[in-house]
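A.B. asks: The following file, query.txt, comprises compact mmCIF, C-alpha atoms:
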```txt
# COMPACT_ATOMS: atom_id res chain seq x y z
CA MET A 9 -36.62 5.27 -21.31
CA PRO A 10 -38.13 2.39 -19.30
CA ASN A 11 -40.05 3.19 -16.14
CA PHE A 12 -38.89 2.26 -12.67
CA THR A 13 -40.39 -1.02 -11.50
CA LEU A 14 -39.65 -2.70 -8.20
CA ASP A 15 -38.03 -6.13 -8.11
CA SER A 16 -40.51 -8.83 -7.02
CA ARG A 17 -38.26 -10.13 -4.23
CA LEU A 18 -37.90 -6.67 -2.70
CA GLN A 19 -41.66 -6.25 -3.02
CA ARG A 20 -42.25 -9.50 -1.16
CA ASP A 21 -39.70 -9.10 1.64
CA SER A 22 -40.49 -5.49 2.54
CA ILE A 23 -43.39 -3.05 2.64
CA HIS A 24 -43.68 0.44 1.20
CA VAL A 25 -43.14 3.27 3.66
CA VAL A 26 -42.68 6.52 1.76
CA ASP A 27 -41.20 7.92 -1.45
CA LEU A 28 -38.41 10.44 -0.99
CA PRO A 29 -37.25 12.66 -3.88
CA LEU A 30 -34.97 9.88 -5.13
CA CYS A 31 -35.60 6.70 -3.19
CA GLN A 32 -38.54 4.54 -2.34
CA VAL A 33 -38.17 3.68 1.36
CA ARG A 34 -39.31 0.20 2.33
CA LEU A 35 -39.41 -1.54 5.72
CA SER A 36 -38.00 -5.06 5.94
CA ARG A 37 -40.55 -7.58 7.16
CA ASP A 38 -37.88 -8.92 9.54
CA ALA A 39 -38.86 -7.65 12.99
CA ARG A 40 -35.47 -8.45 14.55
CA TYR A 41 -33.97 -5.12 13.51
CA PRO A 42 -35.19 -1.64 12.57
CA TRP A 43 -34.24 -2.24 8.93
CA VAL A 44 -35.13 -0.17 5.92
CA ILE A 45 -34.24 -0.54 2.27
CA LEU A 46 -33.82 2.41 -0.06
CA ILE A 47 -34.34 1.89 -3.79
CA PRO A 48 -33.57 4.75 -6.18
CA GLN A 49 -36.65 5.19 -8.38
CA ARG A 50 -34.67 4.97 -11.59
CA ALA A 51 -34.83 2.21 -14.18
CA GLY A 52 -31.95 -0.16 -14.86
CA VAL A 53 -29.69 0.64 -11.90
CA VAL A 54 -27.57 -2.26 -10.63
CA GLU A 55 -24.42 -0.55 -9.38
CA ILE A 56 -24.19 2.75 -7.53
CA TYR A 57 -22.19 4.18 -10.43
CA ASP A 58 -25.08 3.49 -12.82
CA LEU A 59 -26.66 6.56 -11.23
CA PRO A 60 -25.61 10.04 -12.38
CA GLY A 61 -23.46 11.89 -9.85
CA ASP A 62 -26.20 14.08 -8.44
CA ASP A 63 -28.40 11.03 -7.83
CA GLN A 64 -25.49 9.29 -6.10
CA ALA A 65 -25.12 12.26 -3.76
CA ARG A 66 -28.87 12.33 -3.16
CA LEU A 67 -28.92 8.59 -2.38
CA TRP A 68 -26.22 8.80 0.27
CA GLN A 69 -27.80 11.92 1.73
CA GLU A 70 -31.24 10.32 2.03
CA ALA A 71 -29.73 7.16 3.56
CA THR A 72 -27.50 9.03 6.01
CA ARG A 73 -30.21 11.38 7.24
CA LEU A 74 -32.75 8.62 7.66
CA GLY A 75 -30.17 6.39 9.33
CA GLN A 76 -29.20 9.12 11.77
CA ALA A 77 -32.84 9.76 12.63
CA MET A 78 -33.47 6.05 13.14
CA MET A 79 -30.40 5.72 15.37
CA ALA A 80 -31.66 8.55 17.57
CA PHE A 81 -35.24 7.28 17.71
CA TYR A 82 -34.44 3.60 18.33
CA ARG A 83 -31.36 4.39 20.45
CA GLY A 84 -29.21 1.99 18.44
CA ASP A 85 -25.63 1.01 19.13
CA LYS A 86 -24.39 1.04 15.52
CA LEU A 87 -25.70 1.96 12.11
CA ASN A 88 -25.07 -0.47 9.26
CA ILE A 89 -25.33 0.82 5.68
CA ALA A 90 -24.69 -1.59 2.85
CA THR A 91 -25.30 -2.31 -0.79
CA LEU A 92 -24.66 -5.95 -1.61
CA GLY A 93 -27.13 -6.98 -4.33
CA ASN A 94 -25.70 -10.43 -4.86
CA VAL A 95 -29.20 -11.94 -4.77
CA VAL A 96 -31.44 -9.13 -6.03
CA ALA A 97 -29.73 -7.25 -8.85
CA GLN A 98 -31.84 -4.09 -8.69
CA PHE A 99 -29.81 -1.54 -6.78
CA HIS A 100 -30.95 -1.23 -3.17
CA LEU A 101 -29.32 0.08 -0.04
CA HIS A 102 -29.79 -1.44 3.39
CA VAL A 103 -29.94 0.88 6.41
CA ILE A 104 -30.10 -1.08 9.64
CA VAL A 105 -30.04 -0.05 13.28
CA ARG A 106 -28.03 -2.56 15.25
CA PHE A 107 -27.99 -3.35 18.96
CA ALA A 108 -25.27 -5.06 20.96
CA ASP A 109 -27.87 -7.62 22.04
CA ASP A 110 -29.58 -8.19 18.69
CA ALA A 111 -29.86 -11.60 17.03
CA ALA A 112 -26.86 -11.38 14.72
CA TRP A 113 -24.54 -9.03 16.66
CA PRO A 114 -21.70 -8.45 15.91
CA GLY A 115 -22.09 -10.28 12.61
CA PRO A 116 -24.00 -8.92 9.63
CA VAL A 117 -27.76 -9.49 9.51
CA TRP A 118 -27.87 -11.18 6.11
CA GLY A 119 -28.02 -14.95 6.21
CA HIS A 120 -28.30 -15.09 9.99
CA GLY A 121 -31.17 -17.32 11.11
CA SER A 122 -34.69 -16.72 9.84
CA ALA A 123 -36.69 -13.54 9.71
CA ASP A 124 -39.15 -12.87 12.54
CA ALA A 125 -42.45 -11.63 11.15
CA TYR A 126 -43.95 -8.51 12.73
CA PRO A 127 -47.34 -8.85 14.37
CA ALA A 128 -49.68 -6.82 12.16
CA ASP A 129 -50.09 -3.94 14.60
CA LEU A 130 -46.35 -3.60 15.18
CA LEU A 131 -45.69 -3.66 11.45
CA GLU A 132 -48.06 -0.75 10.98
CA GLN A 133 -46.60 1.09 13.96
CA ARG A 134 -43.07 0.76 12.71
CA ARG A 135 -44.08 1.75 9.22
CA ALA A 136 -45.61 4.92 10.62
CA GLU A 137 -42.50 5.63 12.73
CA ILE A 138 -40.19 5.27 9.75
CA ALA A 139 -42.45 7.39 7.55
CA ARG A 140 -42.34 10.18 10.09
CA LEU A 141 -38.58 9.91 10.58
CA ALA A 142 -37.95 9.81 6.83
CA SER A 143 -40.10 12.81 6.09
CA SER A 144 -38.66 15.00 8.82
CA ALA A 145 -35.05 13.92 8.31
CA THR A 146 -35.02 14.61 4.59
CA SER A 147 -37.27 17.67 4.40
CA SER A 148 -34.48 20.23 4.84
CA MET B 30 -8.29 18.34 18.31
CA PRO B 31 -6.89 14.80 18.52
CA ASN B 32 -4.99 13.39 15.56
CA PHE B 33 -6.22 10.57 13.39
CA THR B 34 -4.85 7.22 14.48
CA LEU B 35 -5.68 3.88 12.92
CA ASP B 36 -7.43 1.19 14.95
CA SER B 37 -5.09 -1.69 15.78
CA ARG B 38 -7.40 -4.37 14.38
CA LEU B 39 -7.66 -2.57 11.03
CA GLN B 40 -3.89 -2.19 11.07
CA ARG B 41 -3.41 -5.91 11.60
CA ASP B 42 -5.99 -7.23 9.13
CA SER B 43 -5.09 -4.96 6.21
CA ILE B 44 -2.10 -3.21 4.66
CA HIS B 45 -1.66 0.41 3.64
CA VAL B 46 -2.12 1.15 -0.05
CA VAL B 47 -2.45 4.89 -0.56
CA ASP B 48 -3.83 8.02 1.07
CA LEU B 49 -6.54 9.83 -0.87
CA PRO B 50 -7.59 13.40 0.02
CA LEU B 51 -9.94 12.06 2.71
CA CYS B 52 -9.44 8.34 3.13
CA GLN B 53 -6.61 6.02 3.82
CA VAL B 54 -7.05 3.07 1.44
CA ARG B 55 -6.05 -0.31 2.83
CA LEU B 56 -6.06 -3.77 1.25
CA SER B 57 -7.60 -6.61 3.22
CA ARG B 58 -5.18 -9.46 3.84
CA ASP B 59 -7.91 -11.89 2.76
CA ALA B 60 -6.94 -13.04 -0.73
CA ARG B 61 -10.37 -14.51 -1.50
CA TYR B 62 -11.72 -11.19 -2.74
CA PRO B 63 -10.38 -7.91 -4.14
CA TRP B 64 -11.29 -6.11 -0.92
CA VAL B 65 -10.29 -2.66 0.19
CA ILE B 66 -11.14 -0.66 3.29
CA LEU B 67 -11.43 3.11 3.30
CA ILE B 68 -10.88 4.98 6.54
CA PRO B 69 -11.52 8.73 6.68
CA GLN B 70 -8.41 10.32 8.17
CA ARG B 71 -10.34 12.18 10.82
CA ALA B 72 -10.26 11.59 14.55
CA GLY B 73 -13.21 10.26 16.51
CA VAL B 74 -15.47 9.14 13.65
CA VAL B 75 -17.72 6.16 14.41
CA GLU B 76 -20.83 6.85 12.33
CA ILE B 77 -20.95 8.31 8.85
CA TYR B 78 -22.85 11.30 10.23
CA ASP B 79 -19.98 12.13 12.57
CA LEU B 80 -18.29 13.51 9.44
CA PRO B 81 -19.20 16.99 8.19
CA GLY B 82 -21.33 16.96 5.03
CA ASP B 83 -18.52 17.71 2.60
CA ASP B 84 -16.44 14.86 4.03
CA GLN B 85 -19.42 12.53 3.70
CA ALA B 86 -19.72 13.44 0.03
CA ARG B 87 -15.97 12.98 -0.44
CA LEU B 88 -16.06 9.56 1.24
CA TRP B 89 -18.80 8.20 -1.02
CA GLN B 90 -17.11 9.69 -4.06
CA GLU B 91 -13.75 8.12 -3.25
CA ALA B 92 -15.39 4.77 -2.55
CA THR B 93 -17.58 4.80 -5.64
CA ARG B 94 -14.80 5.80 -8.03
CA LEU B 95 -12.37 3.27 -6.63
CA GLY B 96 -15.05 0.58 -6.61
CA GLN B 97 -15.95 1.25 -10.22
CA ALA B 98 -12.30 1.10 -11.26
CA MET B 99 -11.82 -2.17 -9.35
CA MET B 100 -14.92 -3.69 -10.95
CA ALA B 101 -13.59 -2.86 -14.41
CA PHE B 102 -10.06 -4.08 -13.68
CA TYR B 103 -11.00 -7.32 -11.91
CA ARG B 104 -14.07 -7.89 -14.10
CA GLY B 105 -16.28 -8.46 -11.07
CA ASP B 106 -19.91 -9.51 -11.06
CA LYS B 107 -21.09 -7.22 -8.25
CA LEU B 108 -19.72 -4.44 -6.12
CA ASN B 109 -20.40 -4.57 -2.39
CA ILE B 110 -20.05 -1.37 -0.37
CA ALA B 111 -20.75 -1.50 3.34
CA THR B 112 -20.12 0.14 6.66
CA LEU B 113 -20.86 -2.19 9.56
CA GLY B 114 -18.42 -1.42 12.35
CA ASN B 115 -19.97 -3.74 14.88
CA VAL B 116 -16.53 -5.13 15.78
CA VAL B 117 -14.17 -2.22 15.06
CA ALA B 118 -15.78 1.05 16.12
CA GLN B 119 -13.54 3.37 14.07
CA PHE B 120 -15.50 4.27 10.96
CA HIS B 121 -14.40 2.25 7.95
CA LEU B 122 -16.03 1.43 4.65
CA HIS B 123 -15.65 -1.91 2.89
CA VAL B 124 -15.43 -1.94 -0.91
CA ILE B 125 -15.40 -5.48 -2.24
CA VAL B 126 -15.45 -6.91 -5.75
CA ARG B 127 -17.60 -10.03 -5.77
CA PHE B 128 -17.70 -12.92 -8.21
CA ALA B 129 -20.52 -15.40 -8.76
CA ASP B 130 -18.02 -18.18 -8.01
CA ASP B 131 -16.30 -16.64 -4.99
CA ALA B 132 -16.13 -18.30 -1.58
CA ALA B 133 -19.08 -16.58 0.07
CA TRP B 134 -21.34 -15.82 -2.93
CA PRO B 135 -24.16 -14.82 -2.75
CA GLY B 136 -23.79 -14.24 0.99
CA PRO B 137 -21.79 -11.41 2.52
CA VAL B 138 -18.05 -11.92 3.01
CA TRP B 139 -17.96 -11.16 6.74
CA GLY B 140 -17.96 -14.19 8.97
CA HIS B 141 -17.74 -16.62 6.08
CA GLY B 142 -14.97 -19.19 6.64
CA SER B 143 -11.41 -18.06 7.30
CA ALA B 144 -9.28 -15.56 5.47
CA ASP B 145 -6.83 -16.87 2.86
CA ALA B 146 -3.47 -15.17 3.22
CA TYR B 147 -1.89 -13.74 0.07
CA PRO B 148 1.48 -15.15 -0.96
CA ALA B 149 3.90 -12.26 -0.45
CA ASP B 150 4.40 -11.54 -4.15
CA LEU B 151 0.67 -11.48 -4.85
CA LEU B 152 0.05 -9.21 -1.88
CA GLU B 153 2.54 -6.73 -3.28
CA GLN B 154 1.12 -7.06 -6.79
CA ARG B 155 -2.42 -6.41 -5.64
CA ARG B 156 -1.33 -3.52 -3.50
CA ALA B 157 0.30 -1.94 -6.54
CA GLU B 158 -2.80 -2.56 -8.67
CA ILE B 159 -5.09 -0.93 -6.12
CA ALA B 160 -2.72 2.01 -5.67
CA ARG B 161 -2.76 2.64 -9.39
CA LEU B 162 -6.54 2.27 -9.65
CA ALA B 163 -7.14 4.52 -6.64
CA SER B 164 -4.86 7.26 -7.87
CA SER B 165 -6.24 7.36 -11.41
CA ALA B 166 -9.89 6.95 -10.39
CA THR B 167 -9.84 9.80 -7.91
CA SER B 168 -7.50 12.25 -9.62
CA SER B 169 -10.20 14.07 -11.59
```
Starting from the file, lay out its structure as structure tokens.

C.D. replies:
Amino acid sequence: MPNFTLDSRLQRDSIHVVDLPLCQVRLSRDARYPWVILIPQRAGVVEIYDLPGDDQARLWQEATRLGQAMMAFYRGDKLNIATLGNVVAQFHLHVIVRFADDAAWPGPVWGHGSADAYPADLLEQRRAEIARLASSATSS
Amino acid sequence: MPNFTLDSRLQRDSIHVVDLPLCQVRLSRDARYPWVILIPQRAGVVEIYDLPGDDQARLWQEATRLGQAMMAFYRGDKLNIATLGNVVAQFHLHVIVRFADDAAWPGPVWGHGSADAYPADLLEQRRAEIARLASSATSS
């Protein structure tokens, strides 16, 4: 069985935060939104139904718990959860905290304008925030 | 406890297909994509985590099984599953079969151009197709 390897585009556009039991959690480099990407650490997954049923349940659980924790911490207006994958085939799930005054509101974030890069210190701060939220939200 | 009532915008932009154990399945009136919307028949749900855990699991299961059946039937290139809800607050989940030559590919479907209305006979045909797929995919 082939090993899990991360798509090069995902690697470039996001940074590693933490590995949960199923998913690698990565932070989007786009500073406009608190935006994480969850990638199940399984080889050859393109569609959600390529995962066995217990991994599917684990995926949604990890995403939902992290999303809920992010919504509370960042005091968001709406949580967006989506798997599109029309550009990068490797299965990945977007979890994005939205605000009524954010750049793309009320439209979706994909394809809207250009990404804002984080200043280095804010990137590290947000990475640490997400790592803490992910670990506490999914530890039970 | 208040009863489930469907948001008026969802009612206008989609038509009723079938009720699954948890979700009402509706067909988008936009003929550009095989596009269904699942709405948990529970009152007061805005975020996925407003549902109890067993309803969350049921929601993803209904969406995944129907999406897989639609992908096989329509021979799609990619399945998109998303909950945004930035416009309509009532929780709803989009399940969309995408094609590499469809109108919005590889971008997301929301906010891309204007909806194409189905001719009446095709609307009824697609509704019947989705009803059949939904019932067989979620009966086990």

A.B. asks: Env of Val138 of chain B: 12 Å cut, atoms = all atoms listed in the file, seq-sep filter 5 positions within chain, self excluded. Answer as a PyMOL selection string.

C.D. replies: (chain A and resi 92+94+115-119) or (chain B and resi 57+59-64+108-111+123-128+131-133+143-144)

A.B. asks: In Å to one decimal, how far is atom CA of Ala71 of chain A from atom CA of Ser143 of chain A?

C.D. replies: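 Distance between the two atoms: 12.1 Å.
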
A.B. asks: So the first atom is atom CA of Leu28 of chain A and the second is atom CA of Arg73 of chain A; what is the distance between them in Å, to one decimal place?

C.D. replies: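 Between atom CA of Leu28 of chain A and atom CA of Arg73 of chain A the gap is 11.7 Å.
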
A.B. asks: As a tab-separated table (two decimals) with C-alpha atoms, in the coordinates of the input, please: chain A after a least-squares superposition onto chain B using all C-alpha atoms matched in order.

C.D. replies:
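Output saved as superposed-v5.tsv:
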```
chain	number	residue	atom	x	y	z
A	9	MET	CA	-8.26	18.34	18.30
A	10	PRO	CA	-6.88	14.78	18.51
A	11	ASN	CA	-4.98	13.39	15.55
A	12	PHE	CA	-6.21	10.57	13.38
A	13	THR	CA	-4.85	7.21	14.50
A	14	LEU	CA	-5.69	3.88	12.92
A	15	ASP	CA	-7.44	1.19	14.95
A	16	SER	CA	-5.08	-1.70	15.78
A	17	ARG	CA	-7.41	-4.36	14.36
A	18	LEU	CA	-7.66	-2.57	11.02
A	19	GLN	CA	-3.88	-2.18	11.06
A	20	ARG	CA	-3.44	-5.90	11.60
A	21	ASP	CA	-6.00	-7.22	9.12
A	22	SER	CA	-5.09	-4.96	6.20
A	23	ILE	CA	-2.11	-3.21	4.65
A	24	HIS	CA	-1.67	0.41	3.64
A	25	VAL	CA	-2.14	1.14	-0.05
A	26	VAL	CA	-2.45	4.89	-0.56
A	27	ASP	CA	-3.84	8.02	1.08
A	28	LEU	CA	-6.54	9.82	-0.87
A	29	PRO	CA	-7.58	13.39	0.03
A	30	LEU	CA	-9.95	12.06	2.69
A	31	CYS	CA	-9.46	8.34	3.13
A	32	GLN	CA	-6.61	6.01	3.83
A	33	VAL	CA	-7.06	3.07	1.44
A	34	ARG	CA	-6.06	-0.31	2.84
A	35	LEU	CA	-6.07	-3.77	1.24
A	36	SER	CA	-7.61	-6.63	3.22
A	37	ARG	CA	-5.17	-9.45	3.85
A	38	ASP	CA	-7.92	-11.88	2.76
A	39	ALA	CA	-6.93	-13.04	-0.72
A	40	ARG	CA	-10.37	-14.51	-1.50
A	41	TYR	CA	-11.73	-11.19	-2.75
A	42	PRO	CA	-10.37	-7.92	-4.14
A	43	TRP	CA	-11.30	-6.11	-0.92
A	44	VAL	CA	-10.30	-2.66	0.19
A	45	ILE	CA	-11.15	-0.67	3.28
A	46	LEU	CA	-11.43	3.10	3.29
A	47	ILE	CA	-10.89	4.97	6.55
A	48	PRO	CA	-11.52	8.72	6.66
A	49	GLN	CA	-8.40	10.31	8.16
A	50	ARG	CA	-10.34	12.19	10.80
A	51	ALA	CA	-10.25	11.61	14.55
A	52	GLY	CA	-13.21	10.27	16.50
A	53	VAL	CA	-15.48	9.16	13.65
A	54	VAL	CA	-17.72	6.17	14.41
A	55	GLU	CA	-20.82	6.86	12.33
A	56	ILE	CA	-20.95	8.33	8.84
A	57	TYR	CA	-22.86	11.31	10.22
A	58	ASP	CA	-19.97	12.14	12.56
A	59	LEU	CA	-18.29	13.51	9.44
A	60	PRO	CA	-19.20	17.00	8.19
A	61	GLY	CA	-21.31	16.97	5.03
A	62	ASP	CA	-18.51	17.73	2.60
A	63	ASP	CA	-16.43	14.87	4.03
A	64	GLN	CA	-19.43	12.54	3.70
A	65	ALA	CA	-19.72	13.45	0.02
A	66	ARG	CA	-15.98	13.00	-0.44
A	67	LEU	CA	-16.07	9.57	1.25
A	68	TRP	CA	-18.80	8.21	-1.00
A	69	GLN	CA	-17.12	9.70	-4.06
A	70	GLU	CA	-13.75	8.13	-3.26
A	71	ALA	CA	-15.39	4.76	-2.54
A	72	THR	CA	-17.58	4.80	-5.65
A	73	ARG	CA	-14.80	5.79	-8.03
A	74	LEU	CA	-12.37	3.27	-6.63
A	75	GLY	CA	-15.05	0.58	-6.60
A	76	GLN	CA	-15.95	1.26	-10.22
A	77	ALA	CA	-12.30	1.10	-11.24
A	78	MET	CA	-11.82	-2.16	-9.35
A	79	MET	CA	-14.93	-3.68	-10.94
A	80	ALA	CA	-13.59	-2.85	-14.40
A	81	PHE	CA	-10.06	-4.07	-13.69
A	82	TYR	CA	-11.00	-7.32	-11.92
A	83	ARG	CA	-14.08	-7.89	-14.11
A	84	GLY	CA	-16.29	-8.46	-11.08
A	85	ASP	CA	-19.91	-9.52	-11.06
A	86	LYS	CA	-21.11	-7.23	-8.25
A	87	LEU	CA	-19.72	-4.45	-6.12
A	88	ASN	CA	-20.40	-4.59	-2.39
A	89	ILE	CA	-20.05	-1.37	-0.36
A	90	ALA	CA	-20.74	-1.50	3.35
A	91	THR	CA	-20.11	0.15	6.66
A	92	LEU	CA	-20.88	-2.18	9.55
A	93	GLY	CA	-18.41	-1.41	12.35
A	94	ASN	CA	-19.96	-3.74	14.88
A	95	VAL	CA	-16.52	-5.12	15.78
A	96	VAL	CA	-14.16	-2.21	15.07
A	97	ALA	CA	-15.77	1.07	16.11
A	98	GLN	CA	-13.54	3.38	14.07
A	99	PHE	CA	-15.50	4.28	10.96
A	100	HIS	CA	-14.40	2.26	7.95
A	101	LEU	CA	-16.02	1.42	4.65
A	102	HIS	CA	-15.65	-1.90	2.89
A	103	VAL	CA	-15.45	-1.95	-0.91
A	104	ILE	CA	-15.40	-5.48	-2.25
A	105	VAL	CA	-15.47	-6.91	-5.75
A	106	ARG	CA	-17.60	-10.03	-5.78
A	107	PHE	CA	-17.71	-12.94	-8.21
A	108	ALA	CA	-20.52	-15.41	-8.77
A	109	ASP	CA	-18.03	-18.19	-8.01
A	110	ASP	CA	-16.30	-16.64	-5.00
A	111	ALA	CA	-16.12	-18.31	-1.59
A	112	ALA	CA	-19.08	-16.60	0.06
A	113	TRP	CA	-21.34	-15.86	-2.95
A	114	PRO	CA	-24.15	-14.84	-2.75
A	115	GLY	CA	-23.78	-14.26	0.98
A	116	PRO	CA	-21.79	-11.42	2.52
A	117	VAL	CA	-18.05	-11.93	3.01
A	118	TRP	CA	-17.96	-11.17	6.73
A	119	GLY	CA	-17.95	-14.21	8.98
A	120	HIS	CA	-17.72	-16.66	6.09
A	121	GLY	CA	-14.95	-19.21	6.62
A	122	SER	CA	-11.40	-18.08	7.29
A	123	ALA	CA	-9.28	-15.57	5.46
A	124	ASP	CA	-6.83	-16.88	2.85
A	125	ALA	CA	-3.47	-15.17	3.22
A	126	TYR	CA	-1.88	-13.74	0.08
A	127	PRO	CA	1.48	-15.15	-0.96
A	128	ALA	CA	3.92	-12.27	-0.44
A	129	ASP	CA	4.40	-11.53	-4.13
A	130	LEU	CA	0.67	-11.48	-4.85
A	131	LEU	CA	0.06	-9.20	-1.88
A	132	GLU	CA	2.54	-6.71	-3.28
A	133	GLN	CA	1.11	-7.05	-6.77
A	134	ARG	CA	-2.41	-6.41	-5.63
A	135	ARG	CA	-1.32	-3.51	-3.48
A	136	ALA	CA	0.30	-1.94	-6.52
A	137	GLU	CA	-2.80	-2.57	-8.66
A	138	ILE	CA	-5.09	-0.93	-6.12
A	139	ALA	CA	-2.72	2.01	-5.66
A	140	ARG	CA	-2.76	2.65	-9.38
A	141	LEU	CA	-6.54	2.27	-9.65
A	142	ALA	CA	-7.12	4.53	-6.64
A	143	SER	CA	-4.85	7.26	-7.88
A	144	SER	CA	-6.25	7.36	-11.40
A	145	ALA	CA	-9.89	6.95	-10.38
A	146	THR	CA	-9.84	9.79	-7.87
A	147	SER	CA	-7.48	12.23	-9.58
A	148	SER	CA	-10.18	14.08	-11.54
```

A.B. asks: List the neighbours of Phe33 of chain B out to 7 Å using only C-alpha atoms; skip same-chain residues closer than 4 positions along the sequence, and give me the result as a list in words.

C.D. replies: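 Selected residues are Gln70, Arg71 and Ala72 of chain B.
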
A.B. asks: For atom CA of Ala86 of chain B and atom CA of Ser22 of chain A, determine how far apart the two atoms are, in Å to one decimal place.

C.D. replies: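 Computed distance, atom CA of Ala86 of chain B to atom CA of Ser22 of chain A, equals 28.2 Å.
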